[in-house]
Every structure is written in structure tokens, then in C-alpha cells.
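Structure record follows, encoded as C-alpha cells.
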Amino acid sequence: MSLFPAFAGLSSNNNLKNENSSKELDWLSNQSFRTEDALTLHQRCTKGEEQAVQRSADPSLSVDQPPLEEPDEEGFPKPKKKKKDKKKKKQKRKHKKKSREQSESSRSGSDSDSPRGHASEASRLEQETEKLRQEQIHLQGCFVWLDDLQTPTDQPFCVDKKADRANWEYKSLYRGDIARYRRKGNSCLGLNPKRHFITWVDSASEKKKTEKKQDRYFSKAGRLLLSTEGFPVHPGDVGPGAKQTPITSDFMAVSDWKEEDVRGPAAPAWVNPLGVYDASTTLWLQGKGQPEPENQQARPAGAPGNVNTAMISKVEEFNRKLRENPEDAKTWMEFVNFQDELMTGPSPFTMNERESEKRKTSLKVTLEKKIAILERAIESNPGSVKLKLARLELCKELWEPSTLLKEWKKLVFLHPNNTELWKKYLLFCQSQFSTFSVLKVNSIYGKCLTTLAAVHDGSMVSHPALPGTAEAILEIFLQQCHFLRQAGHSEKVISLFQAVLDFTFFKPDSVKDLPTREQVEFFEPFWDSGEPRFGERGARGWQAWMHQQERGGWLIPNEQDDEDEDIEDDTEVKDKTLPKWRIWLDVEASRETKNWLPWRPDKSKGQSEEDCEDPDRQVLFDDIGPSVIRILKPELRFQLMCSFLQFLGIPSGCSYSGPDWSITLDEWSVFDSGLATERPLTSLDLQCSGVSCIGHMATLHSVKKQIGHCKDGEEFIQNVFHQALPLFSKEEKSLLSLYWLQYEKLKVLHYLQNKNKKKLKSQGKKSKKLAKNLLKEAENRNNLALWKEYAHLEWLLGNLEDSRKVFDTAITLATSQGLQNPALCSLCLLYTQLELEAVEDAVGEAATSRAVHILTKLAECGPYSAYKGQVSPVNILKARKAYEYAFLGCLTESSLLCDSTVATMRADVAVSLVACFALFQYLTVGIEAADRVYMQALEKTSELFLHKKTEITNLWTQPTELETLTLMRSVLLRYHMKVNVYPLGPLRETLTSALKLFPGNHSLWRLYVQTENKYHNASRARRFFDSVTRSAEMITPRLFAIYAEQKRKELVDSVQSRVDIGGVYSTIPESGLSNRIRVLFEHAVQSDNGAHCPLLWRMYLHFLVSQGNRERSRGAFYKALQDCPWVKGLYMDAIEYFPDHMQEIMDLMTEKELRVRVPLEELDILLED
């Protein structure tokens, strides 16, 4: 059949003619096409169109006919609802059947002439149409799963030729049309596993399961496991039916151990006299619980019944103790602290398992629970101040500042005689930024001292004075002075000390028996009279002034000063090209240095109060009157004078190492090692306390670090010493003279370190003149301590021969006393150490012969002669025997007198003697012998220390003999490691053992940091710092831990920034030291003592600025102001770090009434001139 049916005849004729022509045109014919089938289909289609036209003309015929579907944009009919489709399909099938019958009858009548042909043709067409109808039904069928068929069928599958639009839109089949199955194993049937394998792709759920990480130790599951109670596992415990483990070579069976069923003793007769109670009732009557059943003990550790059994038992124990003894405040506090441990992990007391998985325990919930416990405790202990203080500390996070302040006032009103409560209240008032101002807090200090003075002298009858009130009053007074010093009001500090010293030492006899407030009223006229005060030129004191007033008073002579006044305004701004903030800092610091003394009108020059350019330099009696206190004890009077000298920058032996005195640390000098590298044996006398003195207010890392004061300040200090020396006893007077000479030596050391030869020469002359004048006095001629300082001063100035003559002269004065004189031993020790430092690079016995000669002459107790040559071995043996005898005798006396006060008097003798003996052994035998001497002395001293249980708890406790011996041993070991090869272990062990006992000793921490920073392994030091900071209350370990990490970071940065090895910078990865230092700072400022430490906040602010994050640094600055709003140094640091916000910071200082000596308006005028 041709592909073109209309020309089929023509094609056949041509094919007959050309049979043998070419067979390449066979593809144009279709062999499977029949003409009869084509005609039948054509007739059927034409008749279907005629019937459609008739139905459209007759509306009655179109009721059952379904409407034609409108195709969408892609040519597919729009989808319809299933029920309507089924109904319309049925109607369509019936109508097609009728129309098909009509068409077949008409076709048969027209096509065939005979009846037989008509019947055969009709039957054939009927079969074909039925076959086509069934095919259409199959083609139009829907998907039906085999399981859903009601009756089985021969053709369970169908062919769907209808296009699915989802396959055009999506890249895969619908997941619901894909049958799911579970694969068992990874193999496949029919494959040789040795040659073929199949890689199965796991599903997403299986991947999720495999990628799930294990729980860490800090997760909820880990904390829950840690909180469960452990059970003993014995090697013989085997389950029922289990086989015994066979004995092998690497396993040794241990015989089983089982607890015997030990039953308690029978109940006493008074509990169950008739024997009618059962066992549980009998135990209840005895106050006991039922024993735990055996099956509960046998539960595994992970069983639900054993979860948090330890916590439950602790809670039950606390409840039992508090029920039996509700007045035990210590147990209440332990229970409150236990809530932190209780609420950290999931437990029956926090929340159920579902809630613990949803959210963490809120800090507010824990605080509220603690407060509820404390309120219950206060109901049982209404007089416990400790519980009330703890409640107020917790309420700080929940209450408003005004509400909290009312509660504090109420508590102080109820307990006005409690000094510890007053200290906490004062710290709270000065650390509340929202309500803080300098004058307001200063008035609160005055009210506190007035109340405590009334309690101390008996004026307040309702509340008796508690033990230690006199010492606490002086501590609060010094705390007020430090507060004013850090706020910049140095004039008020000087006036306070002047008033208290005049009120204490120059009080008239006629008012001594009056109460303190009445004495202060008599003191006010003297203060306002214009009479020179303590430390000023021509001061005579309150008593002399009152006697003279009773006689009619005296006339003040007109004393004209020969010296011209310094013109300060012309020289204050030295370089106007600098930024404005830098000029302000320089001018502010210079005025602080020159004008720290209070201004008073000079009547000889006709001055009045209106002539003062800065009104804040005048101090009225209303500012200091309420804080004037009365001190009666002689030791407290001397401590008052020493504290005043400490404020002036004079080393006076005061130690600020207690936990409550962290608010006084505000200077970087606490980390300074002085001349440790140049003078390894004598550098311990050069350390600073970390507390800045008056007149030296500057930024943290200011370049201009000065020692000493201006001309008026130095004159004031001389007047203070001249007026104070006659007020004390001989021993105290010698100590004051020693402090004065040490201050002069400190200035010489400062100029020596800065290599300022001009000022060093002039200062050396002044210092030597002062030393000679002090030694000329009769009471100081045999004072070996002054001789020692004078000889050391000559040595520092480079006059070695003059210094040796002074040392030899001093030894000659007291050589007969020998080893029994601690001052002589101390002098010879310093002499020997200086000689060793002078010949540090030399080698041999000749280099140390001078030092051996000094120590040998000390032990001989004979006439002293200057050094002429090496010491003979016989004299060395005699000296060693003398040292051993004195050393054993000193230890024996100390052990026998451990319970008396004589032992403390022998401490200086023991320390000096041990140091001289150890140094003698080091020079003659070796370091092992010297270290053995120190070990014996430390062992005996530590026993005495633990027996006496002494601790550094207040401001005036001097370092113990155990601390001093540890320092001397450490210094000797460090010196030997510098000149020889020696292991680090003994030095590290010495320092760590001492720091565990004395975590507040700055000198020990300096030595430890210097030692550990030389080695690259910081893990040991970090573990030690962490252990000490966890147990110590003071801030000193945290400060030095941060300082050690900063020094390590400086070392790493210096290596990475070297120019000659520039490639190293890119190869060394980030060490993480910055993050470690930041975390240490965060932990430190969150501690109780670190939150109010000015030095810590200043270091933190400087570190953040050095990292380059300005916004975060500003946030840290405002956070620091929330805890330390009174520290002027913080504001000055902020002006240096954030000069763009200078006006804002200055406004804050003015609002909080901090001392601003150079307002910005005055600075603008100075810049215009």
C-alpha cells in the first residue's frame, strides 16, 4: 500500500511496469495498510460529526452529553472532580452505545443489497467496535494497586498514554508512587562477591543516624551521669546462669567479698515496752528511717531509682540539720550555696525530664529560691547580720536601686555597732553608679565614723562596742582617704590626716575626758583660726594654740618669702600642636603634681579666701569634721602616722594584701620588678605596693613616672618628719628615721634606673646629707639599720670604697654581739650580697673572698678588721661550727617558745641568722648545703606557723618569717641559676608551696612569674594559677595570672613582628592567647573582690583597646563605671583611648563631682593665649 492512498492505483500500475527497474523506492509503500479499514474509519468519523451537529441543533439531545473540556495553555484538559467525572463517563458510554447502534444499522442498509451480506457485515463491525471500546476503556483506566482489586483479573497492568504534567515540572517520580522496601544485607543475588560489588546509597535518615555526635561531658546526659550515685562492683559478681571467667595468664581472680547482713541492735525497752509495735513504727519512734532494701542496692547505676540519690541525700541531710538546729547560720549559708550545685543539672528538684530538655534552669529561679531560703533563715535568726548581708547581695540582681538602698539603711539602723556591716554598706554606696556622687558618699563616711565613735566611747548606750571596733574605725577612715584620693580630691585627704593627727597628738588636757563629738566641737575653732596645721611651717598644734588663746593669743609675724612664685600658666601648655585631649591630660597631671596641698590664704601677704583661683583647693571644716576620730592605742597611733607617710609615697611597711583592700590597687607598679636583672640579690627592697600616692594621678601606662614631689611637697614631707619624730618612742622614732632614709634612697634608685645623671648627682648630695644628719643624733649613733641604709646609698651612687668604709665602721660598733644581733646579721647579709653582685662575672675563690671574710668575721664575735686577703680554712671551719651551733639553738628556742610572745620577738633573729648561714654555706660548700639550711628552717617555721594559725587578715600585719625565708631562698636559687647550671625544680617547688599559704604576697608572685615566663611550656603555670584562684579570696592571684599571659603574648608578638625573619609571621598560627586573656579578665571582674578593683578594670580596658576593638572597649569602660564610678584614673584612661568622646566623659566627671582641675573652657583660653 502506498503512503498516499489516493494514488494507490497509479502507484500499482507503475510498479507493474517497472518491476525490474529499481528497488530503492520500496520505502514508499506500506504493506500493512488495508483500504477497507480506512474506509470504515472514515465513514464512522463522518457520521459522528453529523450526529454532533444534530445534538447542537436540538437542545433535548444535549442534556446527557457532557460539555467539551477547554484545554489549558499546554494543551491538556483542565482537571475536574472525581464524582462528576464518573457520572459523566457513564452517560457518555450509554450515548455512544446508542449512536453506534444507529450508525451500524444505517451503514448496513446503505452498503449491502442482500440481507445475508448485511448480517455478516454488521456482525463483523460489531466485533471490531467492541474490541475498540474495550481498548479505550483500558486506555482511559486509572492506577489501581493490585491489593485493592476485589476480583482477580487477567490483565493486572495498564498502559497510560496520557501525559503527566508533574514529570515536566519535577525531575523525578512522585515518592508516593514508588514502593518502599527494606534491604537485608548489602549483597545482591547472582553476583560473585569476589569480583563484583554494589555501593548502596543510604537514605537521609540513616545518614542522620550515623552523623549524630556523642554527648560531651557538659551535656545533660553527661551531667546526669555524673550526678548518679556509684555502686561498688566486686569481681565475683556474676549474673544467674553466667559462666565463671576462666583463669588466664593476664587475669587474676579475686575472691568475692560480700557484705554480711549486719542488723542493728534491738530497740530499747522504753521504745517498745509491750512489744506491740512493728519494726517500722519502732524505727520511727527512735527517729530513724527504714533500711534500704537489698533489691534497690542491687540496681545498676543507670537505673531510674538511683538518679540523683546523692543530691536527695544531701538535701535530706540539710533539712534534718536545719530542722534540729534552725539557729545555725553557717548551715543555712551552706544550704544556700548548695543551690548552685543543685540547680545546675537535671534533678528532681529543678524540673521534670521534659522541661529540662526544653529549657535551662533560669538564674532568676535560683536567685528567688536562695532568697526564699534566706528569708526563712532570718525568721529563725533575726539577729544574724551575715544572713541579712547575704540576702541583700542576692537581691541586688532583682530589686531596684532605691529599694535596695532603703533595705541597707534599715539594716545599718538596726546594727549601728557592726563594723563589717558598715564596710559593706560604704562599698555599696560608692559603687552604685545611678546614685553616686563624691560629696554624698563622703557624707556617708562621716556619718559612719560619727556613729562608730559614739559607740566606741559609750555615748550610744543601746548598742555596746564589739571587739576590734578601734581598729575597724581606723580602717574605715583610711578607706575614706583612699576613696577621696582615687576621686582626685587630694586636698581633702591631706586635710583629713592633718585634722586627725592634730586631734590625736596635740589634744588639750581639758577636753580629753569629753565624748568625741564634744571634742570635735572644741576642735573646730582651731581649724578655722588660720593657725598652721600639722606638716606646715610653724605648726605648734591644737594644745599650744588653746593655751595661747587663754592667755590672749599671739601675733603672727610677717615672714616674707625670698623665693619668687613660679609662673605656672605660661609653662603649662608646652606644645600647642598636640591634640586637645593630650594637652588636657598633660596639664591635668602637672596641676595634680604641683597643687595637691590644700590652699590657705597667706595673711602676711594680705590674701583672703576670694583670692583662690580654684575653690576646690580650699577645704572647709564641714567637709572633714564628721570624719575626725579619736585614737587611744599607741600602736594604732603609730599606724596612723605610717599610713599618712604611705599616702605621701614614702615606704612605711604597710601591706595592702588583704582581700578587702583590693579597691586600693590602682597602679601598674605592683608588677614592676625594679632592678631584678641588674641586682638579683638586693632587688627585693625596691618593690612598690601598687597603690599610687598623692600627686601622681596619671594614665595607666603613662611615660612620666615620677618619684618624689614638687618643691612645696618635699618641704611639707620634711616638716611632717620633723614634727612627728618627737611624738613617738625610741623604737618608733628609729623606724620613722629609717622610712625617711629609704624614701631618699628610692628617689636615687629612680634616677639611677632612668639614667638621669644630673638629677642623680643633686639627689645624691641631698640624701647623703640627710643620712649624716640622722646619724649625728644621739639616739641614732648605734642604729645599725640607719648605717645599713647609708652604706647602701653610697654603694648605689657608685662610691664603693666609701660604702665599704661605712659598712666596716658599722660592723665595728656591734661586732661583739655577733650572731645574736639581728640588725648586725642583716647588715652583714646586705654587705655580702652587694659584694657578690659586684663580682658576678668573676670566677674563682678570689672573687668571693670578700664575702667569705665578712661572714667569717660575723661568726667569730671578735674585733673586726677590714679585708686584707683570703680567709684561712681554719677560720672557715670555726665559723661553720659557730653558725651550726647558733642555728640549732635558734630553732630549739623557737620550738620551746611557740606559745609565748617571745617567739615572735625571736623571728627577726632567726631569719637573719638563717640567711647568713645559708649564704656562708653557699660560698664555702655549695648550693646543696645552703638549700639544706633553708629547708630545715622552713620545716620548723612552717610547723610554728600552722600551730599559731596566723594569717594576713588586716592592713598592718607584717610578712611572717616563713614568707621572708621563702623569699630569701628563692632569691639565692635564682642567683645560682643565673651564674651556674641548675634545675628549676627546687625554685618552682619553693615558690608554689609558699604561694599556696600566702596568695597575697606580691613579691612571691613576681618571682614566680619571672621564673615561669622564661620557659615555653605554660601548662604547669596555668594549672597552678587556676588552683590558687579557686581557693583564694583575694584578687592578687588573678592579677598575676593575667600579667603572666600578657608577658607571654608580648614575647610571641615580638618574635612574629621581627623584620629579619619576616616569613615566620605568616607561618605561626594564632596562639589563642588573646582569647585566654579576655576570659581571665571576664572571670576576674565577675568575682566579688575583682568587681571593685580599679587596677583590674584599667588593665582590662587597656587590653581591649590594644586589640583594636573600640566599640567593645567603650562597653567595657561603661561597665567598669557601674562598679568603680569614683576612680578618676578610669576616666583619664578613657579620654586617652576615646578622644572623640572627651566632652561626654568630662560631663560625667563633673556630674559625679570628681576633681577636675582643668575645665575645658579654661583649656580653650590657655590654647588661645
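Simple scheme: letters A, B, ... for chains in C-alpha cells order, numbers from 1 for residues in each chain, numbers from 1 for ligands in the order shown.
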
Selection: 10 Å around region 1019-1034 of chain A, only C-alpha atoms, excl. self and same-chain fewer than 3 positions, as JSON, numbers by chain
{"A": [657, 658, 659, 660, 661, 662, 988, 992, 995, 996, 997, 998, 999, 1000, 1008, 1009, 1012, 1013, 1016, 1037, 1038, 1039, 1040, 1041, 1042, 1044, 1045, 1084, 1087, 1088, 1089, 1090]}

Can I get the selected residues back with C-alpha atoms, as an mmCIF file, in the first residue's frame?
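The file below, part16.cif, is the result:
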data_model
loop_
_atom_site.group_PDB
_atom_site.id
_atom_site.type_symbol
_atom_site.label_atom_id
_atom_site.label_comp_id
_atom_site.auth_asym_id
_atom_site.auth_seq_id
_atom_site.Cartn_x
_atom_site.Cartn_y
_atom_site.Cartn_z
ATOM 1 C CA SER A 657 47.362 42.396 100.588
ATOM 2 C CA GLY A 658 44.103 41.608 102.364
ATOM 3 C CA PRO A 659 41.015 40.628 100.373
ATOM 4 C CA ASP A 660 39.102 43.755 101.424
ATOM 5 C CA TRP A 661 41.820 46.115 100.194
ATOM 6 C CA SER A 662 41.607 45.262 96.518
ATOM 7 C CA ARG A 988 59.452 26.206 91.478
ATOM 8 C CA THR A 992 54.405 27.159 94.758
ATOM 9 C CA LEU A 995 52.100 30.860 97.430
ATOM 10 C CA LYS A 996 49.520 28.297 98.497
ATOM 11 C CA LEU A 997 49.912 29.593 102.053
ATOM 12 C CA PHE A 998 50.340 33.293 101.164
ATOM 13 C CA PRO A 999 48.416 34.014 97.941
ATOM 14 C CA GLY A 1000 48.517 37.761 98.597
ATOM 15 C CA TYR A 1008 57.113 33.105 90.183
ATOM 16 C CA VAL A 1009 56.053 34.946 87.020
ATOM 17 C CA GLU A 1012 57.873 30.674 84.569
ATOM 18 C CA ASN A 1013 57.966 33.176 81.711
ATOM 19 C CA HIS A 1016 57.754 27.990 76.775
ATOM 20 C CA PRO A 1037 46.484 35.658 92.030
ATOM 21 C CA ARG A 1038 44.084 36.665 89.265
ATOM 22 C CA LEU A 1039 46.052 39.831 88.536
ATOM 23 C CA PHE A 1040 49.333 37.958 88.211
ATOM 24 C CA ALA A 1041 47.730 35.191 86.138
ATOM 25 C CA ILE A 1042 46.630 37.845 83.632
ATOM 26 C CA ALA A 1044 51.819 36.248 83.063
ATOM 27 C CA GLU A 1045 49.677 35.629 79.970
ATOM 28 C CA ALA A 1084 38.212 38.239 87.390
ATOM 29 C CA SER A 1087 34.455 37.849 91.268
ATOM 30 C CA ASP A 1088 33.479 39.610 94.489
ATOM 31 C CA ASN A 1089 36.817 41.358 95.068
ATOM 32 C CA GLY A 1090 37.663 41.865 91.408
#

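Near Ser729 (chain A), within 12 Å and counting only C-alpha atoms, sit Pro634, Glu635, Arg637, Phe638, Leu735, Leu736 and Glu779 of chain A, not including residues fewer than 6 positions from it in the same chain.
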
Find the residues near Val438 (chain A): any atom within 7 Å, counting only C-alpha atoms, skip ones fewer than 3 places away on the same chain, and give them as a PyMOL selection string.
chain A and resi 441-442+1152-1154

Between CA of Val852 (chain A) and CA of Leu752 (chain A), what is the distance, to one decimal in Å?
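Between these atoms lies a distance of 28.8 Å.
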
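Considering the residues A:Tyr922, A:Trp584, A:Phe1081, A:Trp200 and counting only C-alpha atoms, Gly185 (chain A) has its shortest atom-to-atom contact with A:Trp200.
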
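Computed from the coordinates, the CA of Cys1124 (chain A) to CA of Glu407 (chain A) distance equals 21.7 Å.
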
Leaving out Leu973 (chain A) and any residue of its chain fewer than 4 positions from it, which residues lie within 10 Å of it when counting only C-alpha atoms, given as JSON, numbers by chain?
{"A": [927, 930, 931, 967, 968, 969, 977, 978, 982, 983, 984, 986, 987, 988, 990]}

Pairwise distance for CA of Leu283 (chain A) and CA of Ala310 (chain A), rounded to one decimal in Å
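About the pair CA of Leu283 (chain A) and CA of Ala310 (chain A): they are 22.7 Å apart.
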